[in-house]
Amino acid sequence: MKDNKVKSTVIKTVIYLFLTLVAVIYLAPLLWVLMVSFKTNAEIFTSPFSLPESFYLDNFIFAWTAGKLGIATLNSFIVCVVTLLLSMLIGSMAAFSIGRLRWKLSKPCMTFFLLGMMIPVHCVMIPLFTRFAKIGLSNSLIGLIIPYLTFSLPVTIFIMTGFFESMPNELIESACIDGATIYQIFFKIALPLSKTGLFVTGLMTFVANWNELLLAMVFISDDMKKTLPVSLSKFVGPYNTNYSQMFAAIIIAIIPTIIVYCIFSNQIVDGLTAGAVKG
Amino acid sequence: MDKLLRDKKAIILFTAPALLLFTVVLFIPICQSIYYSFCEYKGLTAPKFIGLTNYKNLLKDKSMVFALKNSIFFLLFSCVTQLFMGLFLAALLTNIEKGRNLFKNIIYLPCVLSSTALGLLWMFIFSPKLGINQALEKFGVEGPLWLMDTSGFIILPMWIIAFVALWQYVGQSMMLYMAQISGISKSLYEASYIDGCNKVKSFFHITLPLIRPMVATAMSLNAIGSLKFFDLIFNMTEGGPNHRTEVLATHLYTQGFKYNKYGYASAIGVVLIVLCLLVTGIINKFVKTENYEM
């Protein structure tokens, strides 16, 4: 019996040591960048691993203004919020119609939407790009919102359909008897009851679009309209030689996400996992 | 009530916006893309039909060979390593009590961060004069040119990028497996302990068979994700040195939007779609099984 206890303590210690090592591998790169972003360019080469001597904030100010990260953050925010709201509305409308309304083609329609999950955005980029250039949608945030919205819809529709299908029938029946229209049922009963689904899909949409690089890079060349990943990728390039400013730019780009993640980490991790399980 | 739910006007009103977007932004462009792949199309003039020439050129294109090789390496590497590391971490984390959430959240963190920022970050860590090489210098070792080495069948930069991708996304697989494992009823384990199983044995005989459906899901997610893979490579090496770290997505971007060869890039896109459909098909056929009662 005593042997067993010793053995399990040893095993526990090994597990915790291993997990601590893993945690260090995860956090060390992020902490290193945070540390060197407060140094001057010369200090990075002379003392790369010591704590910064003073909090040298000029790097951040330069990255924010010259790197146009301020305007880029705002653009990203606008694009993501608009996409989020529209995809929730349009997606759950379609999901409600597939999951609750009664029509013959609802199943094929669902299959059509689900096909969208398999298609990588790269494959539609060229026709969209040439089309948008013709109708004046290139270099505009709307031209970015439209494809983002479309590629967020399959997951939203899939998850929300599940939520609407599992809604108890009696609720809709009693609303019917009380004389509610179908629109009232959707907005006043179905949507408020599916808050979890909206949260999960909204989170997935927001995270994916906030980090999207390829489409934004192709569609937008105007510096004032660029989103955060594009501006960052451009600022931190082979032609820039001031490393501390580039490190500061990286920190500016990831710090908002990290702060939000630290506050809501459990909800975010569970929400995104729930979304992926169902998707 | 039936009449209310069969209201034609409501059905059209609810479904039309999504259907319209899908048709205009997804379905029509895909068809156009397939058509362009048979055309010479440089943007300024209208597409001109040239048959299979683009596809024949693909076979002769050296960068395409690198891109295809790297994409397939990447696909296999991420499917295998994510499966093993994800399962291993999930098994460890479900067996500890204290600090489970902390470790889980730390490992998941890079999944929500911008892969552009993380790619740039790792690019600096592996750059010739910063990061790891500065640390090596302290011990008097001269570090290699990590991201510029070109020797070997799979070159060093590809391995580095593959490990960075594993570092970034393993949290996703881990969470999927953890979610599935925590759904397995405790009584199954208790019964197995009474029958003389230890924890390792019960993992192989109870946990593994029961989470097999989730393996299929996680693997398809990994597979499609790794075929689409763009951000990390673009920011770490931009496909260089000399196109040796090109993958399908970066090759498509370079050909299409640097050289404006829209027709040729569309052909790469078609290859990408075919691979995506093929791989998900294979995974679903061989890994997916009936759902067990849990």
# chains A, B, ... in the order shown; residues from 1 in each chain; ligands from 1
>>> residues_around(residues="Ser37 in chain B", least_positions_apart="3", cutoff="8 Å", atoms="only C-alpha atoms", output="ChimeraX atom specification")
/B:33-34,40,54-55,263-267,270
>>> interface_residues(of="chain A", to="chain B", cutoff="7 Å", atoms="only C-alpha atoms", output="PDB file with N, CA and C atoms, in the first residue's frame")
ATOM      1  N   ALA A  23       4.353  24.690 -20.208  1.00  0.00           N
ATOM      2  CA  ALA A  23       3.886  26.061 -19.996  1.00  0.00           C
ATOM      3  C   ALA A  23       5.003  27.058 -20.278  1.00  0.00           C
ATOM      4  N   TYR A  26       5.396  27.631 -23.848  1.00  0.00           N
ATOM      5  CA  TYR A  26       4.334  28.476 -24.376  1.00  0.00           C
ATOM      6  C   TYR A  26       4.511  29.945 -24.014  1.00  0.00           C
ATOM      7  N   ILE A  90     -28.114  37.004 -40.153  1.00  0.00           N
ATOM      8  CA  ILE A  90     -28.413  36.260 -41.384  1.00  0.00           C
ATOM      9  C   ILE A  90     -28.286  34.765 -41.149  1.00  0.00           C
ATOM     10  N   GLY A  91     -27.252  34.380 -40.411  1.00  0.00           N
ATOM     11  CA  GLY A  91     -27.032  32.964 -40.138  1.00  0.00           C
ATOM     12  C   GLY A  91     -28.162  32.361 -39.335  1.00  0.00           C
ATOM     13  N   MET A  93     -31.188  33.470 -39.041  1.00  0.00           N
ATOM     14  CA  MET A  93     -32.417  33.478 -39.830  1.00  0.00           C
ATOM     15  C   MET A  93     -32.492  32.232 -40.714  1.00  0.00           C
ATOM     16  N   ALA A  94     -31.377  31.967 -41.429  1.00  0.00           N
ATOM     17  CA  ALA A  94     -31.355  30.788 -42.295  1.00  0.00           C
ATOM     18  C   ALA A  94     -31.476  29.513 -41.460  1.00  0.00           C
ATOM     19  N   SER A  97     -35.010  28.946 -40.416  1.00  0.00           N
ATOM     20  CA  SER A  97     -35.832  28.472 -41.523  1.00  0.00           C
ATOM     21  C   SER A  97     -35.555  26.998 -41.825  1.00  0.00           C
ATOM     22  N   LEU A 101     -38.868  25.913 -39.790  1.00  0.00           N
ATOM     23  CA  LEU A 101     -39.936  26.084 -40.773  1.00  0.00           C
ATOM     24  C   LEU A 101     -40.060  24.815 -41.612  1.00  0.00           C
ATOM     25  N   ARG A 102     -41.214  24.637 -42.229  1.00  0.00           N
ATOM     26  CA  ARG A 102     -41.444  23.373 -42.946  1.00  0.00           C
ATOM     27  C   ARG A 102     -41.501  23.591 -44.448  1.00  0.00           C
ATOM     28  N   TRP A 103     -40.454  23.155 -45.122  1.00  0.00           N
ATOM     29  CA  TRP A 103     -40.448  23.237 -46.576  1.00  0.00           C
ATOM     30  C   TRP A 103     -39.631  22.096 -47.138  1.00  0.00           C
ATOM     31  N   ILE A 119     -14.657  24.500 -48.393  1.00  0.00           N
ATOM     32  CA  ILE A 119     -13.977  25.252 -49.444  1.00  0.00           C
ATOM     33  C   ILE A 119     -13.066  26.308 -48.853  1.00  0.00           C
ATOM     34  N   PRO A 120     -11.762  26.217 -49.169  1.00  0.00           N
ATOM     35  CA  PRO A 120     -10.835  27.227 -48.672  1.00  0.00           C
ATOM     36  C   PRO A 120     -11.024  28.546 -49.413  1.00  0.00           C
ATOM     37  N   HIS A 122      -8.982  30.614 -50.445  1.00  0.00           N
ATOM     38  CA  HIS A 122      -8.018  30.864 -51.523  1.00  0.00           C
ATOM     39  C   HIS A 122      -8.622  30.633 -52.899  1.00  0.00           C
ATOM     40  N   CYS A 123      -9.552  29.661 -52.952  1.00  0.00           N
ATOM     41  CA  CYS A 123     -10.031  29.213 -54.257  1.00  0.00           C
ATOM     42  C   CYS A 123     -11.029  30.169 -54.885  1.00  0.00           C
ATOM     43  N   VAL A 124     -11.604  31.076 -54.091  1.00  0.00           N
ATOM     44  CA  VAL A 124     -12.547  32.022 -54.687  1.00  0.00           C
ATOM     45  C   VAL A 124     -11.963  33.426 -54.740  1.00  0.00           C
ATOM     46  N   ILE A 126      -9.514  34.874 -56.502  1.00  0.00           N
ATOM     47  CA  ILE A 126      -9.216  35.531 -57.784  1.00  0.00           C
ATOM     48  C   ILE A 126     -10.475  36.064 -58.471  1.00  0.00           C
ATOM     49  N   PRO A 127     -11.518  35.245 -58.648  1.00  0.00           N
ATOM     50  CA  PRO A 127     -12.744  35.796 -59.256  1.00  0.00           C
ATOM     51  C   PRO A 127     -13.334  36.934 -58.433  1.00  0.00           C
ATOM     52  N   LEU A 128     -13.323  36.796 -57.107  1.00  0.00           N
ATOM     53  CA  LEU A 128     -13.865  37.870 -56.262  1.00  0.00           C
ATOM     54  C   LEU A 128     -13.059  39.141 -56.439  1.00  0.00           C
ATOM     55  N   PRO A 147     -16.982  38.891 -48.148  1.00  0.00           N
ATOM     56  CA  PRO A 147     -16.461  37.516 -48.086  1.00  0.00           C
ATOM     57  C   PRO A 147     -16.308  36.989 -46.652  1.00  0.00           C
ATOM     58  N   THR A 150     -19.664  35.741 -45.644  1.00  0.00           N
ATOM     59  CA  THR A 150     -20.050  34.509 -46.320  1.00  0.00           C
ATOM     60  C   THR A 150     -19.317  33.301 -45.734  1.00  0.00           C
ATOM     61  N   GLU A 173     -45.833  26.459 -30.053  1.00  0.00           N
ATOM     62  CA  GLU A 173     -47.280  26.223 -30.100  1.00  0.00           C
ATOM     63  C   GLU A 173     -48.030  27.259 -29.284  1.00  0.00           C
ATOM     64  N   CYS A 176     -48.087  30.559 -30.849  1.00  0.00           N
ATOM     65  CA  CYS A 176     -49.028  30.553 -31.954  1.00  0.00           C
ATOM     66  C   CYS A 176     -50.436  30.827 -31.456  1.00  0.00           C
ATOM     67  N   ILE A 182     -44.810  34.792 -37.134  1.00  0.00           N
ATOM     68  CA  ILE A 182     -43.590  33.992 -37.204  1.00  0.00           C
ATOM     69  C   ILE A 182     -42.360  34.846 -36.900  1.00  0.00           C
ATOM     70  N   VAL A 207     -12.924  35.755 -33.710  1.00  0.00           N
ATOM     71  CA  VAL A 207     -11.515  35.349 -33.625  1.00  0.00           C
ATOM     72  C   VAL A 207     -10.952  35.085 -35.018  1.00  0.00           C
ATOM     73  N   ASN A 211      -8.019  37.685 -37.027  1.00  0.00           N
ATOM     74  CA  ASN A 211      -6.672  37.224 -37.355  1.00  0.00           C
ATOM     75  C   ASN A 211      -6.451  36.979 -38.842  1.00  0.00           C
ATOM     76  N   LEU A 213      -5.471  37.130 -42.581  1.00  0.00           N
ATOM     77  CA  LEU A 213      -4.453  37.912 -43.256  1.00  0.00           C
ATOM     78  C   LEU A 213      -4.600  37.915 -44.778  1.00  0.00           C
ATOM     79  N   PRO A 229      -3.649  42.603 -39.027  1.00  0.00           N
ATOM     80  CA  PRO A 229      -2.613  41.673 -39.479  1.00  0.00           C
ATOM     81  C   PRO A 229      -1.834  42.190 -40.690  1.00  0.00           C
ATOM     82  N   SER A 233       2.105  42.934 -40.642  1.00  0.00           N
ATOM     83  CA  SER A 233       2.965  42.169 -41.536  1.00  0.00           C
ATOM     84  C   SER A 233       3.792  43.100 -42.416  1.00  0.00           C
ATOM     85  N   ILE A 250       4.475  43.978 -32.590  1.00  0.00           N
ATOM     86  CA  ILE A 250       3.911  42.651 -32.332  1.00  0.00           C
ATOM     87  C   ILE A 250       3.108  42.666 -31.033  1.00  0.00           C
ATOM     88  N   ALA A 253      -0.165  44.328 -31.361  1.00  0.00           N
ATOM     89  CA  ALA A 253      -1.138  43.535 -32.102  1.00  0.00           C
ATOM     90  C   ALA A 253      -1.745  42.420 -31.257  1.00  0.00           C
ATOM     91  N   ILE A 254      -0.978  41.865 -30.316  1.00  0.00           N
ATOM     92  CA  ILE A 254      -1.553  40.719 -29.589  1.00  0.00           C
ATOM     93  C   ILE A 254      -2.064  41.064 -28.195  1.00  0.00           C
ATOM     94  N   THR A 257      -6.005  40.963 -27.494  1.00  0.00           N
ATOM     95  CA  THR A 257      -6.525  39.597 -27.425  1.00  0.00           C
ATOM     96  C   THR A 257      -6.111  38.933 -26.113  1.00  0.00           C
ATOM     97  N   SER A 265     -10.960  33.633 -20.095  1.00  0.00           N
ATOM     98  CA  SER A 265     -10.345  32.460 -20.734  1.00  0.00           C
ATOM     99  C   SER A 265     -11.236  31.223 -20.708  1.00  0.00           C
ATOM    100  N   THR A 273     -14.317  25.499 -28.197  1.00  0.00           N
ATOM    101  CA  THR A 273     -14.299  24.042 -28.304  1.00  0.00           C
ATOM    102  C   THR A 273     -15.686  23.516 -28.644  1.00  0.00           C
ATOM    103  N   VAL A 277     -16.536  21.217 -31.781  1.00  0.00           N
ATOM    104  CA  VAL A 277     -17.121  19.889 -31.627  1.00  0.00           C
ATOM    105  C   VAL A 277     -18.320  19.745 -32.546  1.00  0.00           C
TER     106      VAL A 277
END
>>> select_by_dssp(residues="range 32-278 of chain A", states="alpha helix (DSSP H)", output="NGL selection string")
:A and (32-36 or 41-46 or 58-66 or 69-99 or 106-118 or 122-134 or 141-165 or 169-177 or 182-184 or 191-193 or 195-210 or 214-219 or 228-235 or 243-278)
>>> atom_distance(atom1="CA of Leu198 in chain A", atom2="CA of Ser182 in chain B")
23.9 Å
>>> residues_around(residues="Thr156 in chain A", least_positions_apart="6", cutoff="9 Å", atoms="only C-alpha atoms", output="MDAnalysis selection string")
chainID A and resid 87:88 91:92 95 197:198 200:202 204:205 279
>>> closest_residue(among="A:Leu144, A:Val10, A:Ile135, A:Leu89", to="Lys226 in chain A", atoms="only C-alpha atoms")
A:Leu144
>>> atom_distance(atom1="CA of Leu191 in chain A", atom2="CA of Tyr261 in chain A")
26.0 Å
>>> atom_distance(atom1="CA of Gly183 in chain B", atom2="CA of Thr207 in chain B")
10.3 Å
>>> select_by_dssp(residues="range 30-186 of chain B", states="strand (DSSP E)", output="list in words")
Cys39, Glu40, Lys48 and Phe49 of chain B
>>> closest_residue(among="A:Glu165, A:Glu212, A:Asp222, A:Glu53", to="Ser140 in chain A", atoms="only C-alpha atoms")
A:Asp222
>>> closest_residue(among="B:Arg244, B:Phe126, B:Gly140, B:Ala90", to="Gly152 in chain B", atoms="only C-alpha atoms")
B:Arg244
>>> decode(residues="range 84-211 of chain B", atoms="C-alpha atoms", output="PDB file, in the first residue's frame")
ATOM      1  CA  PHE B  84      -0.366  12.202 -30.453  1.00  0.00           C
ATOM      2  CA  MET B  85       0.483  15.430 -28.638  1.00  0.00           C
ATOM      3  CA  GLY B  86      -3.170  16.415 -28.360  1.00  0.00           C
ATOM      4  CA  LEU B  87      -4.174  13.059 -26.924  1.00  0.00           C
ATOM      5  CA  PHE B  88      -1.144  12.945 -24.621  1.00  0.00           C
ATOM      6  CA  LEU B  89      -1.800  16.406 -23.192  1.00  0.00           C
ATOM      7  CA  ALA B  90      -5.513  15.686 -22.883  1.00  0.00           C
ATOM      8  CA  ALA B  91      -4.776  12.427 -21.026  1.00  0.00           C
ATOM      9  CA  LEU B  92      -2.394  14.198 -18.641  1.00  0.00           C
ATOM     10  CA  LEU B  93      -4.725  17.114 -17.983  1.00  0.00           C
ATOM     11  CA  THR B  94      -7.794  14.967 -17.325  1.00  0.00           C
ATOM     12  CA  ASN B  95      -5.789  13.058 -14.722  1.00  0.00           C
ATOM     13  CA  ILE B  96      -4.766  16.011 -12.582  1.00  0.00           C
ATOM     14  CA  GLU B  97      -6.953  18.134 -10.350  1.00  0.00           C
ATOM     15  CA  LYS B  98      -4.975  21.201  -9.345  1.00  0.00           C
ATOM     16  CA  GLY B  99      -4.022  23.653 -12.066  1.00  0.00           C
ATOM     17  CA  ARG B 100      -5.890  21.875 -14.838  1.00  0.00           C
ATOM     18  CA  ASN B 101      -7.586  25.045 -16.029  1.00  0.00           C
ATOM     19  CA  LEU B 102      -4.388  27.056 -15.809  1.00  0.00           C
ATOM     20  CA  PHE B 103      -2.373  24.668 -17.986  1.00  0.00           C
ATOM     21  CA  LYS B 104      -5.296  24.208 -20.373  1.00  0.00           C
ATOM     22  CA  ASN B 105      -5.679  27.948 -20.867  1.00  0.00           C
ATOM     23  CA  ILE B 106      -1.948  28.502 -21.356  1.00  0.00           C
ATOM     24  CA  ILE B 107      -1.727  25.801 -24.020  1.00  0.00           C
ATOM     25  CA  TYR B 108      -4.844  27.078 -25.780  1.00  0.00           C
ATOM     26  CA  LEU B 109      -3.719  30.725 -25.774  1.00  0.00           C
ATOM     27  CA  PRO B 110      -1.851  30.759 -29.150  1.00  0.00           C
ATOM     28  CA  CYS B 111      -4.961  29.386 -30.904  1.00  0.00           C
ATOM     29  CA  VAL B 112      -6.735  32.709 -30.435  1.00  0.00           C
ATOM     30  CA  LEU B 113      -3.728  34.905 -31.175  1.00  0.00           C
ATOM     31  CA  SER B 114      -2.996  36.262 -34.626  1.00  0.00           C
ATOM     32  CA  SER B 115      -0.797  33.811 -36.511  1.00  0.00           C
ATOM     33  CA  THR B 116       0.701  36.812 -38.301  1.00  0.00           C
ATOM     34  CA  ALA B 117       2.040  38.176 -35.028  1.00  0.00           C
ATOM     35  CA  LEU B 118       3.162  34.737 -33.837  1.00  0.00           C
ATOM     36  CA  GLY B 119       4.837  33.980 -37.166  1.00  0.00           C
ATOM     37  CA  LEU B 120       6.791  37.236 -36.980  1.00  0.00           C
ATOM     38  CA  LEU B 121       7.674  36.524 -33.372  1.00  0.00           C
ATOM     39  CA  TRP B 122       9.127  33.098 -34.224  1.00  0.00           C
ATOM     40  CA  MET B 123      10.845  34.559 -37.267  1.00  0.00           C
ATOM     41  CA  PHE B 124      12.804  36.794 -34.894  1.00  0.00           C
ATOM     42  CA  ILE B 125      13.512  33.967 -32.478  1.00  0.00           C
ATOM     43  CA  PHE B 126      15.034  31.918 -35.309  1.00  0.00           C
ATOM     44  CA  SER B 127      16.681  34.862 -37.077  1.00  0.00           C
ATOM     45  CA  PRO B 128      20.480  34.793 -37.590  1.00  0.00           C
ATOM     46  CA  LYS B 129      21.432  37.333 -34.915  1.00  0.00           C
ATOM     47  CA  LEU B 130      18.553  37.299 -32.430  1.00  0.00           C
ATOM     48  CA  GLY B 131      16.729  34.948 -30.102  1.00  0.00           C
ATOM     49  CA  ILE B 132      18.078  31.415 -29.989  1.00  0.00           C
ATOM     50  CA  ASN B 133      21.353  32.300 -31.647  1.00  0.00           C
ATOM     51  CA  GLN B 134      22.001  34.992 -29.016  1.00  0.00           C
ATOM     52  CA  ALA B 135      21.493  32.369 -26.337  1.00  0.00           C
ATOM     53  CA  LEU B 136      23.788  29.921 -28.128  1.00  0.00           C
ATOM     54  CA  GLU B 137      26.416  32.622 -28.434  1.00  0.00           C
ATOM     55  CA  LYS B 138      26.588  32.857 -24.640  1.00  0.00           C
ATOM     56  CA  PHE B 139      27.797  29.256 -24.615  1.00  0.00           C
ATOM     57  CA  GLY B 140      30.263  29.997 -27.395  1.00  0.00           C
ATOM     58  CA  VAL B 141      28.330  28.069 -30.020  1.00  0.00           C
ATOM     59  CA  GLU B 142      27.691  29.652 -33.383  1.00  0.00           C
ATOM     60  CA  GLY B 143      24.054  28.992 -34.245  1.00  0.00           C
ATOM     61  CA  PRO B 144      22.944  27.835 -37.681  1.00  0.00           C
ATOM     62  CA  LEU B 145      20.941  29.975 -40.116  1.00  0.00           C
ATOM     63  CA  TRP B 146      17.718  28.322 -39.003  1.00  0.00           C
ATOM     64  CA  LEU B 147      15.313  29.609 -41.622  1.00  0.00           C
ATOM     65  CA  MET B 148      17.728  29.654 -44.541  1.00  0.00           C
ATOM     66  CA  ASP B 149      19.175  26.164 -44.464  1.00  0.00           C
ATOM     67  CA  THR B 150      18.359  24.181 -47.628  1.00  0.00           C
ATOM     68  CA  SER B 151      19.920  20.770 -47.105  1.00  0.00           C
ATOM     69  CA  GLY B 152      17.978  17.536 -46.763  1.00  0.00           C
ATOM     70  CA  PHE B 153      14.806  16.144 -48.327  1.00  0.00           C
ATOM     71  CA  ILE B 154      12.568  18.123 -45.977  1.00  0.00           C
ATOM     72  CA  ILE B 155      14.610  21.209 -45.261  1.00  0.00           C
ATOM     73  CA  LEU B 156      15.200  22.619 -41.773  1.00  0.00           C
ATOM     74  CA  PRO B 157      12.930  25.689 -42.156  1.00  0.00           C
ATOM     75  CA  MET B 158       9.983  23.413 -42.978  1.00  0.00           C
ATOM     76  CA  TRP B 159      10.560  21.411 -39.793  1.00  0.00           C
ATOM     77  CA  ILE B 160      10.743  24.621 -37.776  1.00  0.00           C
ATOM     78  CA  ILE B 161       7.540  25.977 -39.297  1.00  0.00           C
ATOM     79  CA  ALA B 162       5.825  22.632 -38.722  1.00  0.00           C
ATOM     80  CA  PHE B 163       6.822  22.687 -35.046  1.00  0.00           C
ATOM     81  CA  VAL B 164       5.671  26.274 -34.640  1.00  0.00           C
ATOM     82  CA  ALA B 165       2.324  25.291 -36.163  1.00  0.00           C
ATOM     83  CA  LEU B 166       2.115  22.373 -33.742  1.00  0.00           C
ATOM     84  CA  TRP B 167       2.933  24.756 -30.883  1.00  0.00           C
ATOM     85  CA  GLN B 168       0.209  27.133 -31.988  1.00  0.00           C
ATOM     86  CA  TYR B 169      -2.637  24.735 -32.751  1.00  0.00           C
ATOM     87  CA  VAL B 170      -2.168  21.684 -30.519  1.00  0.00           C
ATOM     88  CA  GLY B 171      -4.402  23.341 -27.921  1.00  0.00           C
ATOM     89  CA  GLN B 172      -7.337  22.969 -30.271  1.00  0.00           C
ATOM     90  CA  SER B 173      -6.931  19.187 -30.633  1.00  0.00           C
ATOM     91  CA  MET B 174      -6.223  18.861 -26.926  1.00  0.00           C
ATOM     92  CA  MET B 175      -9.457  20.648 -26.037  1.00  0.00           C
ATOM     93  CA  LEU B 176     -11.504  18.544 -28.458  1.00  0.00           C
ATOM     94  CA  TYR B 177     -10.151  15.341 -26.910  1.00  0.00           C
ATOM     95  CA  MET B 178     -10.611  16.662 -23.379  1.00  0.00           C
ATOM     96  CA  ALA B 179     -14.219  17.540 -24.111  1.00  0.00           C
ATOM     97  CA  GLN B 180     -14.851  14.042 -25.370  1.00  0.00           C
ATOM     98  CA  ILE B 181     -12.967  12.329 -22.512  1.00  0.00           C
ATOM     99  CA  SER B 182     -14.885  14.227 -19.842  1.00  0.00           C
ATOM    100  CA  GLY B 183     -18.089  12.903 -21.411  1.00  0.00           C
ATOM    101  CA  ILE B 184     -17.155   9.278 -20.689  1.00  0.00           C
ATOM    102  CA  SER B 185     -19.015   7.957 -17.687  1.00  0.00           C
ATOM    103  CA  LYS B 186     -16.947   7.420 -14.522  1.00  0.00           C
ATOM    104  CA  SER B 187     -18.558   4.046 -13.849  1.00  0.00           C
ATOM    105  CA  LEU B 188     -16.769   2.546 -16.855  1.00  0.00           C
ATOM    106  CA  TYR B 189     -13.421   3.422 -15.298  1.00  0.00           C
ATOM    107  CA  GLU B 190     -14.452   2.240 -11.852  1.00  0.00           C
ATOM    108  CA  ALA B 191     -15.504  -1.105 -13.291  1.00  0.00           C
ATOM    109  CA  SER B 192     -12.177  -1.429 -15.064  1.00  0.00           C
ATOM    110  CA  TYR B 193     -10.214  -0.633 -11.879  1.00  0.00           C
ATOM    111  CA  ILE B 194     -12.124  -3.357 -10.028  1.00  0.00           C
ATOM    112  CA  ASP B 195     -11.200  -5.738 -12.829  1.00  0.00           C
ATOM    113  CA  GLY B 196      -7.562  -4.871 -12.206  1.00  0.00           C
ATOM    114  CA  CYS B 197      -6.836  -2.249 -14.851  1.00  0.00           C
ATOM    115  CA  ASN B 198      -4.447   0.566 -14.056  1.00  0.00           C
ATOM    116  CA  LYS B 199      -4.835   4.067 -15.443  1.00  0.00           C
ATOM    117  CA  VAL B 200      -2.626   3.481 -18.481  1.00  0.00           C
ATOM    118  CA  LYS B 201      -4.461   0.295 -19.410  1.00  0.00           C
ATOM    119  CA  SER B 202      -7.864   1.897 -19.016  1.00  0.00           C
ATOM    120  CA  PHE B 203      -6.726   4.741 -21.262  1.00  0.00           C
ATOM    121  CA  PHE B 204      -5.919   2.329 -24.085  1.00  0.00           C
ATOM    122  CA  HIS B 205      -8.940   0.070 -23.611  1.00  0.00           C
ATOM    123  CA  ILE B 206     -11.691   2.501 -22.655  1.00  0.00           C
ATOM    124  CA  THR B 207     -10.738   6.064 -23.510  1.00  0.00           C
ATOM    125  CA  LEU B 208      -9.175   5.488 -26.911  1.00  0.00           C
ATOM    126  CA  PRO B 209     -11.978   3.427 -28.483  1.00  0.00           C
ATOM    127  CA  LEU B 210     -14.610   5.801 -27.116  1.00  0.00           C
ATOM    128  CA  ILE B 211     -13.097   8.989 -28.479  1.00  0.00           C
TER     129      ILE B 211
END
